[in-house]
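A.B. asks: You'll find run_35.txt just under this line, and it carries compact mmCIF, C-alpha atoms and all ligand atoms.
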```txt
# COMPACT_ATOMS: atom_id res chain seq x y z
CA MET A 1 0.00 0.00 0.00
CA PHE A 2 2.86 2.38 0.82
CA PHE A 3 4.31 1.86 -2.62
CA LYS A 4 0.95 2.53 -4.21
CA PHE A 5 0.64 5.92 -2.52
CA ALA A 6 4.28 6.75 -3.22
CA PHE A 7 3.64 5.91 -6.84
CA ILE A 8 0.57 8.14 -6.97
CA ARG A 9 2.62 10.98 -5.46
CA VAL A 10 5.28 10.64 -8.14
CA ILE A 11 2.67 10.58 -10.88
CA ARG A 12 1.00 13.67 -9.47
CA GLN A 13 4.31 15.51 -9.43
CA LEU A 14 4.99 14.45 -12.99
CA ALA A 15 1.62 15.74 -14.07
CA ASN A 16 2.00 18.93 -12.00
CA ILE A 17 -1.27 18.30 -10.20
CA ARG A 18 -2.20 20.23 -7.09
CA VAL A 19 -3.50 17.85 -4.42
CA LYS A 20 -6.84 19.18 -3.23
CA LYS A 21 -8.39 16.20 -1.47
CA PRO A 22 -7.39 12.85 0.00
CA LEU A 23 -6.53 10.39 -2.73
CA PRO A 24 -8.98 7.55 -3.34
CA LEU A 25 -7.92 3.94 -3.29
CA CYS A 26 -7.40 3.88 -7.01
CA THR A 27 -5.76 1.20 -9.06
CA PHE A 28 -2.51 2.76 -10.23
CA GLY A 29 -0.22 0.08 -11.53
CA ILE A 30 -2.49 -2.77 -10.49
CA ILE A 31 -4.13 -4.76 -13.26
CA SER A 32 -7.04 -6.99 -12.40
CA PRO A 33 -6.75 -10.52 -13.84
CA MET A 34 -10.11 -9.65 -15.41
CA PHE A 35 -8.16 -7.51 -17.90
CA GLU A 36 -5.09 -9.63 -18.45
CA TYR A 37 -3.42 -9.35 -21.85
CA THR A 38 -1.56 -12.44 -23.05
CA LEU A 39 0.92 -12.02 -25.88
CA HIS A 40 0.98 -15.27 -27.85
CA SER A 41 3.33 -14.42 -30.68
CA THR A 42 5.15 -11.57 -32.39
CA GLN A 43 6.63 -11.08 -35.80
CA GLY A 44 8.67 -7.96 -36.14
CA ARG A 45 6.50 -5.57 -34.15
CA ALA A 46 3.22 -7.26 -35.17
CA ARG A 47 1.52 -8.98 -32.24
CA ALA A 48 -1.09 -11.69 -31.68
CA GLY A 49 -2.62 -11.75 -28.23
CA THR A 50 -5.72 -12.19 -26.09
CA PHE A 51 -7.26 -9.48 -23.91
CA ASN A 52 -9.70 -10.66 -21.25
CA THR A 53 -12.82 -8.61 -20.53
CA PRO A 54 -15.91 -9.32 -18.38
CA HIS A 55 -17.89 -10.03 -21.59
CA GLY A 56 -15.39 -12.40 -23.14
CA ALA A 57 -11.83 -12.57 -24.42
CA LEU A 58 -10.77 -10.42 -27.36
CA GLU A 59 -8.41 -12.02 -29.82
CA THR A 60 -6.06 -9.29 -30.98
CA PRO A 61 -5.38 -7.64 -33.32
CA VAL A 62 -9.07 -6.81 -33.65
CA PHE A 63 -11.18 -4.34 -35.62
CA ALA A 64 -14.24 -2.88 -33.84
CA PRO A 65 -17.33 -1.62 -35.69
CA VAL A 66 -18.66 1.70 -34.38
CA GLY A 67 -22.15 1.87 -32.90
CA THR A 68 -22.34 5.61 -32.28
CA GLN A 69 -25.94 5.66 -31.02
CA ALA A 70 -25.79 2.22 -29.37
CA THR A 71 -26.38 0.61 -32.76
CA VAL A 72 -24.05 -0.33 -35.59
CA LYS A 73 -26.03 1.52 -38.23
CA THR A 74 -28.33 -0.65 -40.38
CA LEU A 75 -27.33 -3.93 -38.63
CA THR A 76 -28.89 -6.01 -35.87
CA PRO A 77 -26.53 -7.27 -33.14
CA ALA A 78 -26.95 -10.78 -34.60
CA GLN A 79 -25.73 -9.50 -37.98
CA VAL A 80 -22.81 -7.72 -36.30
CA LYS A 81 -21.86 -11.03 -34.69
CA ASP A 82 -22.31 -12.91 -37.98
CA VAL A 83 -19.78 -10.70 -39.78
CA GLY A 84 -17.24 -11.77 -37.16
CA ALA A 85 -17.19 -8.73 -34.87
CA SER A 86 -16.08 -9.36 -31.31
CA LEU A 87 -15.83 -5.78 -30.01
CA VAL A 88 -18.24 -2.88 -30.55
CA LEU A 89 -17.52 0.78 -29.82
CA SER A 90 -20.08 3.35 -28.77
CA ASN A 91 -19.82 7.12 -28.27
CA THR A 92 -20.09 8.76 -24.86
CA TYR A 93 -20.91 12.23 -26.20
CA HIS A 94 -23.89 11.04 -28.25
CA LEU A 95 -25.33 8.70 -25.60
CA TYR A 96 -24.92 11.32 -22.86
CA LEU A 97 -27.02 13.74 -24.90
CA ARG A 98 -29.49 11.13 -26.11
CA PRO A 99 -31.01 9.07 -24.50
CA GLY A 100 -28.86 10.00 -21.46
CA ASP A 101 -26.35 7.83 -19.64
CA GLU A 102 -28.58 7.47 -16.57
CA LEU A 103 -31.37 6.03 -18.70
CA VAL A 104 -28.90 3.54 -20.23
CA ARG A 105 -27.75 2.63 -16.70
CA ASP A 106 -31.36 2.08 -15.61
CA PHE A 107 -31.81 -0.35 -18.51
CA GLY A 108 -28.88 -2.45 -17.33
CA GLY A 109 -26.09 -0.64 -19.18
CA LEU A 110 -25.22 -0.65 -22.87
CA HIS A 111 -24.92 -4.42 -23.19
CA ASN A 112 -28.48 -4.96 -22.03
CA PHE A 113 -29.94 -1.81 -23.61
CA MET A 114 -28.70 -2.60 -27.13
CA GLN A 115 -28.55 -6.39 -26.70
CA TRP A 116 -24.86 -6.84 -27.51
CA ASP A 117 -23.43 -9.47 -25.16
CA GLY A 118 -19.79 -9.26 -26.30
CA PRO A 119 -17.04 -6.85 -25.23
CA MET A 120 -17.80 -3.13 -25.63
CA LEU A 121 -15.71 0.03 -25.60
CA THR A 122 -16.74 3.66 -25.09
CA ASP A 123 -14.68 6.71 -25.96
CA SER A 124 -14.39 9.58 -23.50
CA GLY A 125 -16.44 12.12 -25.45
CA GLY A 126 -13.33 14.27 -25.82
CA PHE A 127 -12.91 13.80 -29.55
CA GLN A 128 -16.52 14.72 -30.35
CA VAL A 129 -16.53 17.72 -28.01
CA PHE A 130 -13.30 19.06 -29.47
CA SER A 131 -14.73 18.56 -32.96
CA LEU A 132 -17.45 21.09 -32.08
CA SER A 133 -15.29 24.03 -33.12
CA GLY A 134 -16.75 27.39 -32.23
CA THR A 135 -19.23 25.99 -29.72
CA ARG A 136 -16.87 24.78 -26.99
CA LYS A 137 -14.60 26.41 -24.45
CA VAL A 138 -11.77 24.56 -22.75
CA ASP A 139 -10.20 25.35 -19.38
CA GLU A 140 -8.04 23.41 -16.93
CA GLU A 141 -11.03 21.80 -15.25
CA GLY A 142 -12.83 20.67 -18.40
CA VAL A 143 -14.77 21.68 -21.49
CA THR A 144 -18.03 23.59 -21.83
CA PHE A 145 -19.92 22.96 -25.04
CA ARG A 146 -23.28 23.23 -26.69
CA SER A 147 -25.27 20.21 -27.84
CA HIS A 148 -25.35 19.76 -31.62
CA ILE A 149 -28.97 18.59 -31.18
CA ASP A 150 -30.65 21.50 -29.40
CA GLY A 151 -27.91 24.00 -28.55
CA SER A 152 -28.21 23.34 -24.79
CA LYS A 153 -25.11 24.00 -22.67
CA HIS A 154 -23.13 21.13 -21.10
CA ARG A 155 -19.82 20.57 -19.39
CA PHE A 156 -17.45 17.58 -19.49
CA THR A 157 -14.62 17.13 -17.02
CA PRO A 158 -12.48 14.01 -16.62
CA GLU A 159 -14.61 13.09 -13.60
CA LYS A 160 -17.85 13.63 -15.53
CA SER A 161 -16.64 11.59 -18.51
CA ILE A 162 -15.74 8.66 -16.26
CA ALA A 163 -19.07 8.91 -14.41
CA ILE A 164 -20.95 8.80 -17.73
CA GLN A 165 -18.86 5.87 -18.96
CA GLU A 166 -19.52 4.04 -15.69
CA ASN A 167 -23.25 4.51 -16.25
CA LEU A 168 -22.93 3.26 -19.83
CA GLY A 169 -21.04 0.23 -18.54
CA ALA A 170 -18.70 -0.75 -21.40
CA ASP A 171 -15.84 -3.17 -20.68
CA ILE A 172 -13.17 -0.76 -21.94
CA ILE A 173 -13.42 2.97 -21.18
CA MET A 174 -11.21 5.93 -22.04
CA ALA A 175 -9.55 8.69 -20.07
CA PHE A 176 -10.78 12.18 -20.98
CA ASP A 177 -8.28 13.79 -23.35
CA GLU A 178 -7.80 17.01 -25.27
CA CYS A 179 -7.48 16.66 -29.02
CA ALA A 180 -5.50 19.37 -30.82
CA ASP A 181 -5.09 20.46 -34.43
CA PRO A 182 -2.04 18.46 -35.61
CA ASN A 183 -0.66 21.56 -37.33
CA ASP A 184 -0.78 23.85 -34.29
CA GLU A 185 2.49 23.02 -32.50
CA ALA A 186 2.01 25.39 -29.53
CA TYR A 187 -1.50 24.09 -28.84
CA ILE A 188 -0.34 20.48 -29.19
CA VAL A 189 2.09 20.90 -26.28
CA LYS A 190 -0.59 22.46 -24.07
CA ALA A 191 -3.15 19.84 -25.05
CA MET A 192 -0.72 16.99 -24.38
CA GLU A 193 0.21 18.28 -20.95
CA ARG A 194 -3.45 18.79 -20.07
CA THR A 195 -4.27 15.31 -21.40
CA HIS A 196 -1.71 13.93 -18.93
CA ARG A 197 -3.25 15.81 -16.00
CA TRP A 198 -6.71 14.73 -17.10
CA ALA A 199 -5.54 11.11 -17.42
CA VAL A 200 -4.47 11.16 -13.76
CA ARG A 201 -7.83 12.67 -12.77
CA SER A 202 -9.67 10.08 -14.89
CA VAL A 203 -7.90 7.20 -13.14
CA GLU A 204 -8.65 8.73 -9.74
CA ALA A 205 -12.31 9.22 -10.65
CA GLN A 206 -12.88 5.58 -11.55
CA THR A 207 -15.02 3.69 -9.03
CA ARG A 208 -15.92 0.50 -10.96
CA SER A 209 -13.36 -2.30 -11.00
CA ASP A 210 -15.04 -4.21 -13.84
CA GLN A 211 -14.08 -1.67 -16.52
CA ALA A 212 -10.61 -1.35 -18.08
CA LEU A 213 -9.69 2.34 -18.21
CA PHE A 214 -7.18 3.16 -20.96
CA GLY A 215 -4.97 6.26 -20.86
CA ILE A 216 -4.57 8.10 -24.18
CA VAL A 217 -1.27 9.14 -25.79
CA GLN A 218 -1.40 12.54 -27.52
CA GLY A 219 1.33 14.85 -28.90
CA GLY A 220 0.29 15.58 -32.49
CA VAL A 221 2.81 14.51 -35.11
CA ASN A 222 5.87 15.61 -33.14
CA PRO A 223 7.92 12.46 -32.37
CA ASP A 224 9.52 13.95 -29.24
CA LEU A 225 6.14 14.89 -27.77
CA ARG A 226 4.68 11.51 -28.71
CA LEU A 227 7.54 9.72 -26.97
CA GLU A 228 7.11 11.89 -23.87
CA SER A 229 3.36 11.22 -23.88
CA ALA A 230 3.80 7.46 -24.40
CA LYS A 231 6.16 7.25 -21.43
CA PHE A 232 3.87 9.30 -19.20
CA ILE A 233 0.70 7.40 -20.07
CA ALA A 234 2.54 4.05 -19.74
CA SER A 235 3.66 5.13 -16.25
CA LEU A 236 0.02 5.30 -15.10
CA GLY A 237 -0.23 1.51 -15.24
CA THR A 238 -3.63 1.41 -16.92
CA PRO A 239 -4.65 -2.02 -18.32
CA GLY A 240 -4.36 -0.74 -21.88
CA ILE A 241 -3.17 2.31 -23.76
CA ALA A 242 -4.84 4.22 -26.57
CA ILE A 243 -3.14 6.31 -29.22
CA GLY A 244 -5.32 9.33 -30.00
CA GLY A 245 -5.10 12.37 -32.25
CA LEU A 246 -4.33 10.46 -35.44
CA SER A 247 -6.31 10.13 -38.65
CA VAL A 248 -7.22 13.80 -38.25
CA GLY A 249 -5.58 15.19 -41.37
CA GLU A 250 -1.92 14.21 -41.01
CA THR A 251 -0.10 12.32 -43.80
CA LYS A 252 0.24 8.54 -43.80
CA LYS A 253 3.97 8.93 -43.23
CA GLN A 254 3.36 11.13 -40.20
CA MET A 255 0.98 8.56 -38.74
CA HIS A 256 3.47 5.74 -39.36
CA ASP A 257 6.29 7.80 -37.82
CA VAL A 258 4.20 8.40 -34.69
CA LEU A 259 3.44 4.66 -34.37
CA ASP A 260 7.13 3.88 -34.87
CA VAL A 261 7.96 6.12 -31.90
CA VAL A 262 5.03 5.35 -29.59
CA ASN A 263 4.63 1.56 -29.72
CA PRO A 264 8.21 0.62 -28.79
CA ALA A 265 7.82 2.88 -25.72
CA LEU A 266 4.69 1.08 -24.52
CA PRO A 267 4.67 -2.00 -22.27
CA GLU A 268 4.58 -5.35 -24.07
CA ASP A 269 1.95 -6.75 -21.74
CA LYS A 270 -0.82 -4.21 -22.43
CA PRO A 271 -3.05 -3.88 -25.50
CA ARG A 272 -2.58 -0.80 -27.71
CA TYR A 273 -5.60 0.82 -29.28
CA LEU A 274 -5.25 3.12 -32.31
CA MET A 275 -8.38 5.28 -32.17
CA GLY A 276 -10.48 6.04 -35.25
CA VAL A 277 -8.34 4.20 -37.84
CA GLY A 278 -9.05 3.16 -40.58
CA THR A 279 -8.71 2.00 -44.10
CA PRO A 280 -7.50 -1.49 -45.06
CA GLU A 281 -4.03 -0.03 -45.67
CA ASP A 282 -4.06 1.69 -42.25
CA LEU A 283 -4.93 -1.61 -40.55
CA ILE A 284 -2.07 -3.44 -42.29
CA GLU A 285 0.43 -0.69 -41.48
CA GLY A 286 -0.94 -0.43 -37.93
CA VAL A 287 -0.66 -4.14 -37.12
CA ARG A 288 2.80 -4.09 -38.67
CA ARG A 289 3.72 -1.39 -36.16
CA GLY A 290 2.38 -3.17 -33.09
CA VAL A 291 -1.26 -1.98 -32.82
CA ASP A 292 -3.75 -4.42 -31.26
CA ILE A 293 -7.16 -2.69 -31.40
CA PHE A 294 -8.74 -0.53 -34.14
CA ASP A 295 -12.11 1.12 -34.64
CA CYS A 296 -13.50 3.22 -37.46
CA VAL A 297 -16.83 4.42 -38.81
CA LEU A 298 -15.48 4.07 -42.36
CA PRO A 299 -16.94 0.66 -43.36
CA THR A 300 -20.50 1.52 -42.27
CA ARG A 301 -20.31 5.16 -43.39
CA LEU A 302 -19.10 4.10 -46.84
CA ALA A 303 -21.91 1.55 -47.00
CA ARG A 304 -24.50 4.28 -46.45
CA HIS A 305 -22.89 6.17 -49.31
CA HIS A 306 -23.15 3.12 -51.62
CA ALA A 307 -19.41 2.35 -51.50
CA ALA A 308 -17.73 -1.02 -51.01
CA PHE A 309 -14.18 -2.16 -50.39
CA SER A 310 -12.93 -4.43 -53.16
CA PRO A 311 -9.68 -5.68 -54.66
CA GLU A 312 -10.52 -3.52 -57.72
CA GLY A 313 -10.47 -0.43 -55.50
CA ARG A 314 -13.40 1.21 -53.79
CA LEU A 315 -16.61 0.57 -55.74
CA ASN A 316 -19.55 2.98 -55.91
CA LEU A 317 -22.58 0.73 -56.35
CA LYS A 318 -24.70 3.61 -57.60
CA ASN A 319 -22.62 3.65 -60.77
CA ALA A 320 -24.49 2.71 -63.97
CA THR A 321 -21.70 0.31 -64.99
CA PHE A 322 -23.08 -2.14 -62.43
CA LYS A 323 -26.62 -2.15 -63.88
CA ARG A 324 -26.24 -5.65 -65.38
CA ASP A 325 -23.18 -6.81 -63.44
CA GLU A 326 -23.80 -10.41 -62.36
CA ARG A 327 -20.76 -10.61 -60.10
CA PRO A 328 -20.84 -10.17 -56.32
CA VAL A 329 -19.15 -7.09 -54.84
CA ASP A 330 -15.96 -9.13 -54.30
CA GLU A 331 -15.71 -12.55 -55.94
CA SER A 332 -13.23 -13.78 -53.34
CA CYS A 333 -15.30 -12.65 -50.33
CA THR A 334 -17.15 -15.15 -48.13
CA CYS A 335 -19.60 -12.68 -46.55
CA TYR A 336 -23.39 -13.13 -46.69
CA THR A 337 -23.72 -10.29 -49.20
CA CYS A 338 -21.14 -11.63 -51.64
CA GLN A 339 -22.38 -15.20 -51.29
CA ASN A 340 -25.94 -14.26 -52.25
CA PHE A 341 -26.30 -11.02 -54.20
CA THR A 342 -25.14 -9.49 -57.47
CA ARG A 343 -23.80 -5.99 -57.97
CA ALA A 344 -26.82 -5.42 -60.22
CA TYR A 345 -29.23 -6.18 -57.35
CA ILE A 346 -27.39 -3.97 -54.88
CA ARG A 347 -27.28 -1.15 -57.46
CA HIS A 348 -31.03 -1.55 -57.91
CA LEU A 349 -31.51 -1.21 -54.13
CA VAL A 350 -29.31 1.90 -54.08
CA VAL A 351 -31.16 3.55 -56.97
CA ALA A 352 -34.54 2.64 -55.44
CA LYS A 353 -33.32 4.07 -52.10
CA GLU A 354 -34.04 0.78 -50.33
CA LEU A 355 -32.61 0.45 -46.80
CA LEU A 356 -31.35 -3.08 -47.52
CA ALA A 357 -28.58 -1.55 -49.67
CA GLY A 358 -26.96 -0.05 -46.57
CA THR A 359 -27.33 -3.32 -44.67
CA LEU A 360 -25.80 -5.49 -47.42
CA LEU A 361 -22.89 -3.11 -48.03
CA SER A 362 -22.26 -2.72 -44.27
CA ILE A 363 -22.09 -6.51 -43.95
CA HIS A 364 -19.55 -6.69 -46.77
CA ASN A 365 -17.39 -3.74 -45.65
CA LEU A 366 -17.26 -4.86 -42.02
CA HIS A 367 -16.55 -8.45 -43.03
CA ALA A 368 -13.68 -7.24 -45.22
CA LEU A 369 -11.92 -5.30 -42.44
CA ILE A 370 -12.67 -7.73 -39.61
CA HIS A 371 -11.39 -10.68 -41.63
CA LEU A 372 -8.36 -8.80 -42.92
CA VAL A 373 -7.35 -8.25 -39.28
CA LYS A 374 -8.19 -11.87 -38.37
CA ASP A 375 -6.01 -13.06 -41.28
CA MET A 376 -3.17 -10.90 -40.01
CA ARG A 377 -3.55 -12.45 -36.54
CA VAL A 378 -3.29 -15.97 -38.00
CA ALA A 379 -0.23 -14.90 -39.99
CA VAL A 380 1.51 -13.55 -36.87
CA LEU A 381 0.76 -16.84 -35.12
CA ASP A 382 2.11 -18.98 -37.94
CA GLY A 383 5.09 -16.75 -38.65
CA THR A 384 4.10 -15.65 -42.16
CA PHE A 385 3.02 -12.08 -41.40
CA GLU A 386 5.89 -10.16 -42.99
CA GLU A 387 5.88 -12.21 -46.17
CA GLN A 388 2.13 -11.64 -46.63
CA VAL A 389 2.22 -7.86 -46.10
CA PRO A 390 3.04 -6.97 -49.76
CA ALA A 391 0.14 -9.10 -51.03
CA TRP A 392 -2.32 -7.54 -48.56
CA LEU A 393 -1.18 -4.03 -49.43
CA ASP A 394 -1.49 -4.83 -53.13
CA ARG A 395 -4.92 -6.42 -52.72
CA TRP A 396 -6.35 -3.45 -50.83
CA ALA A 397 -4.56 -0.68 -52.70
CA GLY A 398 -7.00 1.93 -53.95
CA ASN A 399 -9.48 1.48 -51.12
CA ALA A 400 -8.47 4.58 -49.20
CA SER A 401 -10.22 7.02 -51.50
CA LYS A 402 -10.70 5.74 -55.02
CA ASN A 403 -14.27 5.59 -56.27
CA ARG A 404 -15.37 3.68 -59.32
ZN ZN B 501 -18.42 -9.56 -49.22
```
Here is the file; what I need is its structure written in the form of structure tokens.
C.D. replies:
Amino acid sequence: MFFKFAFIRVIRQLANIRVKKPLPLCTFGIISPMFEYTLHSTQGRARAGTFNTPHGALETPVFAPVGTQATVKTLTPAQVKDVGASLVLSNTYHLYLRPGDELVRDFGGLHNFMQWDGPMLTDSGGFQVFSLSGTRKVDEEGVTFRSHIDGSKHRFTPEKSIAIQENLGADIIMAFDECADPNDEAYIVKAMERTHRWAVRSVEAQTRSDQALFGIVQGGVNPDLRLESAKFIASLGTPGIAIGGLSVGETKKQMHDVLDVVNPALPEDKPRYLMGVGTPEDLIEGVRRGVDIFDCVLPTRLARHHAAFSPEGRLNLKNATFKRDERPVDESCTCYTCQNFTRAYIRHLVVAKELLAGTLLSIHNLHALIHLVKDMRVAVLDGTFEEQVPAWLDRWAGNASKNR
């Protein structure tokens, strides 16, 4: 116990926090077996592991579909499971505003409310709040913002974010962080330092022991700041570590450079979560650089805009060239959509504005990313990861932005 308090004191000094109240019996440096991460195999920096959660073990690397409003858009939980998803992410900001985190709590938490019985993750709300440019004001204690729904005024602090996430009840929750414009160097330093102080406050605010709280590494695209942030967040001893502030307009090379600096500075025995990434190429390059968990709205958002990942590049199923196309979206894909439907049928649904178009394309796009990551896991386990990377990159080239 003495060491625990001594450790907290050191962390507070590092984060330049003023002690205002007696410290709670928090869990600095102590990982519950409930959240044990087992590293099975590595190849280069690519990793295959298992992360235990109260709703089941996650086999990593893993790609998580996003269910912003406690639903993966256009899919039932059974369909989400059928495409191979094991982890689902939901958004604190949106659920706090609507229907309210206390209502979700009263319905047994997110798992029960939305009927997803597998592992879940919530973000801290920070990214969404900081995306509300012009309608939010940040200070040392937290952020004041206006709802995008009705303009009402709200305030998030690290303590508030954790309280909301405890009401929502996901298995993995996030420390409240400050996201900065990657091109504003002066702001990035301030935001990183504040993120560190807020990470300490987030850990102290946690009262539930059945949720894994991840600290978040910030620091823009500056390698020195990223390294400093990785070391600080790693020192908190949280059961996992997230890498935030990427996929926000920086170049691919900048993102890769950040991962090359951050991941080697993180502990081997904790999962690493790259937030909000990405495209098939991003997943390959991320796993290659030691990332274990990914999430992104891209596959379902593209589906609602009639687009599908394919080895030919990104397809736009609204295109007239598919009017009589008898092929599936991807002839080599084993998903429900590709096993049963032609491009011509899906194009018909798109043109007729039928909701099933979004469902079928979401199934395909999610299946593509989830199984790409599963394939990479198998390759790390059997030692063939590096030799398969060129073929994966070649197969998925053109899916970042190209539309046909
Ligand atoms: Zn498919």
A.B. asks: Throw together the list of residues within 10 Å of ligand ZN 501 (chain B), counting only C-alpha atoms and all ligand atoms, and drop it here as a list in words.
C.D. replies: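 Using only C-alpha atoms and all ligand atoms, I find these residues within 10 Å of ligand ZN 501 (chain B): Val83, Ala308, Phe309, Ser310, Pro328, Val329, Asp330, Glu331, Ser332, Cys333, Thr334, Cys335, Tyr336, Thr337, Cys338, Gln339, Asn340, Phe341, Leu360, Leu361, Ser362, Ile363, His364, Asn365, Leu366, His367 and Ala368 of chain A.
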A.B. asks: Would you pick out the contacts of Ile241 of chain A at 10 Å or less, using all atoms listed in the file, so that residues sharing its chain but fewer than 4 positions from it are not included, and give the list as a list in words?
C.D. replies: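 Residues meeting the cut-off are Met174, Ala175, Leu213, Phe214, Gly215, Ile216, Val217, Ala230, Ile233, Ala234, Leu236, Gly237, Asn263, Leu266, Pro267, Lys270, Pro271, Arg272, Tyr273, Leu274 and Ile293 of chain A.
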A.B. asks: One decimal, Å: what's the distance from atom CA of Gly383 of chain A over to atom CA of Leu283 of chain A, could you say?
C.D. replies: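 We find that atom CA of Gly383 of chain A and atom CA of Leu283 of chain A lie 18.3 Å from each other.
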A.B. asks: Could you pull the residues within 12 Å of His111 of chain A, counting only C-alpha atoms, minus those fewer than 2 positions along the same chain, as a CSV table (one decimal) with C-alpha atoms, in the frame of the given file?
C.D. replies:
```csv
chain,number,residue,atom,x,y,z
A,54,PRO,CA,-15.9,-9.3,-18.4
A,55,HIS,CA,-17.9,-10.0,-21.6
A,67,GLY,CA,-22.2,1.9,-32.9
A,70,ALA,CA,-25.8,2.2,-29.4
A,71,THR,CA,-26.4,0.6,-32.8
A,77,PRO,CA,-26.5,-7.3,-33.1
A,87,LEU,CA,-15.8,-5.8,-30.0
A,88,VAL,CA,-18.2,-2.9,-30.6
A,89,LEU,CA,-17.5,0.8,-29.8
A,90,SER,CA,-20.1,3.4,-28.8
A,104,VAL,CA,-28.9,3.5,-20.2
A,105,ARG,CA,-27.8,2.6,-16.7
A,106,ASP,CA,-31.4,2.1,-15.6
A,107,PHE,CA,-31.8,-0.4,-18.5
A,108,GLY,CA,-28.9,-2.4,-17.3
A,109,GLY,CA,-26.1,-0.6,-19.2
A,113,PHE,CA,-29.9,-1.8,-23.6
A,114,MET,CA,-28.7,-2.6,-27.1
A,115,GLN,CA,-28.6,-6.4,-26.7
A,116,TRP,CA,-24.9,-6.8,-27.5
A,117,ASP,CA,-23.4,-9.5,-25.2
A,118,GLY,CA,-19.8,-9.3,-26.3
A,119,PRO,CA,-17.0,-6.8,-25.2
A,120,MET,CA,-17.8,-3.1,-25.6
A,121,LEU,CA,-15.7,0.0,-25.6
A,122,THR,CA,-16.7,3.7,-25.1
A,167,ASN,CA,-23.2,4.5,-16.2
A,168,LEU,CA,-22.9,3.3,-19.8
A,169,GLY,CA,-21.0,0.2,-18.5
A,170,ALA,CA,-18.7,-0.8,-21.4
A,171,ASP,CA,-15.8,-3.2,-20.7
```
A.B. asks: Pick the closest to Glu228 of chain A from A:Ala344, A:Ala57, A:Ala265, A:Val380: which is it, counting all atoms listed in the file?
C.D. replies: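 Answer, going by the shortest atom-to-atom distance: A:Ala265.
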A.B. asks: Can you measure atom CA of Ile162 of chain A to atom CA of Leu97 of chain A for me? One decimal in Å is fine.
C.D. replies: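 Between atom CA of Ile162 of chain A and atom CA of Leu97 of chain A the gap works out to 15.1 Å.
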A.B. asks: Quick one: residues within 9 Å of Arg45 of chain A, all atoms listed in the file, excluding same-chain residues fewer than 5 positions away - as an mmCIF file with C-alpha atoms, in the frame of the given file?
C.D. replies:
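Contents of part.cif, freshly written:
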```cif
data_model
loop_
_atom_site.group_PDB
_atom_site.id
_atom_site.type_symbol
_atom_site.label_atom_id
_atom_site.label_comp_id
_atom_site.auth_asym_id
_atom_site.auth_seq_id
_atom_site.Cartn_x
_atom_site.Cartn_y
_atom_site.Cartn_z
ATOM 1 C CA ASN A 263 4.630 1.560 -29.720
ATOM 2 C CA PRO A 264 8.210 0.620 -28.790
ATOM 3 C CA VAL A 287 -0.660 -4.140 -37.120
ATOM 4 C CA ARG A 288 2.800 -4.090 -38.670
ATOM 5 C CA ARG A 289 3.720 -1.390 -36.160
ATOM 6 C CA GLY A 290 2.380 -3.170 -33.090
ATOM 7 C CA VAL A 291 -1.260 -1.980 -32.820
#
```
A.B. asks: Around (2.7, -11.2, -37.3) in the file's frame, which residues reach within 8 Å when counting all atoms listed in the file? Return as a VMD selection string?
C.D. replies: chain A and resid 41 to 48 287 to 288 376 to 386
A.B. asks: Considering all atoms listed in the file, can you say which of A:Met34, A:Leu355, A:Met192, A:Leu317 comes closest to Thr53 of chain A?
C.D. replies: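 Using all atoms listed in the file, Thr53 of chain A sits closest to A:Met34.
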A.B. asks: Quick one: residues within 7 Å of Gly276 of chain A, only C-alpha atoms counted, chain neighbours fewer than 6 positions away excluded, as a PyMOL selection string?
C.D. replies: chain A and resi 247+294-296
A.B. asks: Distance atom CA of Gly278 of chain A-atom CA of Gln254 of chain A, one decimal place?
C.D. replies: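 One can read the atom CA of Gly278 of chain A to atom CA of Gln254 of chain A distance as 14.8 Å.
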A.B. asks: Considering all atoms listed in the file, state which residue in the set A:Arg226, A:His306, A:Arg324, A:Arg347 is at the smallest distance from Leu246 of chain A.
C.D. replies: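 Checking each candidate against Leu246 of chain A, we get A:Arg226 as the closest.
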A.B. asks: Taking 4 positions as the minimum chain separation for residues in the same chain, which residues sit within 8 Å of His256 of chain A when counting all atoms listed in the file? Answer as an MDAnalysis selection string.
C.D. replies: chainID A and resid 252 260 285:286 289
A.B. asks: Which of these, A:Gly245, A:Pro158, A:Pro390, A:Pro182, has the shortest distance to Glu204 of chain A once you count only C-alpha atoms?
C.D. replies: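 Selected residue with least distance to Glu204 of chain A: A:Pro158.
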A.B. asks: Rank nothing, just name the residue among A:Ala205, A:Val62, A:Leu227, A:Ala191 nearest to Glu140 of chain A, using all atoms listed in the file.
C.D. replies: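 Between A:Ala205, A:Val62, A:Leu227, A:Ala191, the residue approaching Glu140 of chain A most closely is A:Ala191.
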A.B. asks: Tell me which of A:Leu356, A:Leu298, A:Ala212, A:Ala85 sits closest to Lys374 of chain A, counting only C-alpha atoms.
C.D. replies: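 Closest candidate: A:Ala85.
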A.B. asks: Pull the neighbourhood of (-1.8, -0.3, -45.3) for me: all residues within 8 Å in file coordinates, counting only C-alpha atoms, as a PyMOL selection string.
C.D. replies: chain A and resi 279-286+392-393+396-397
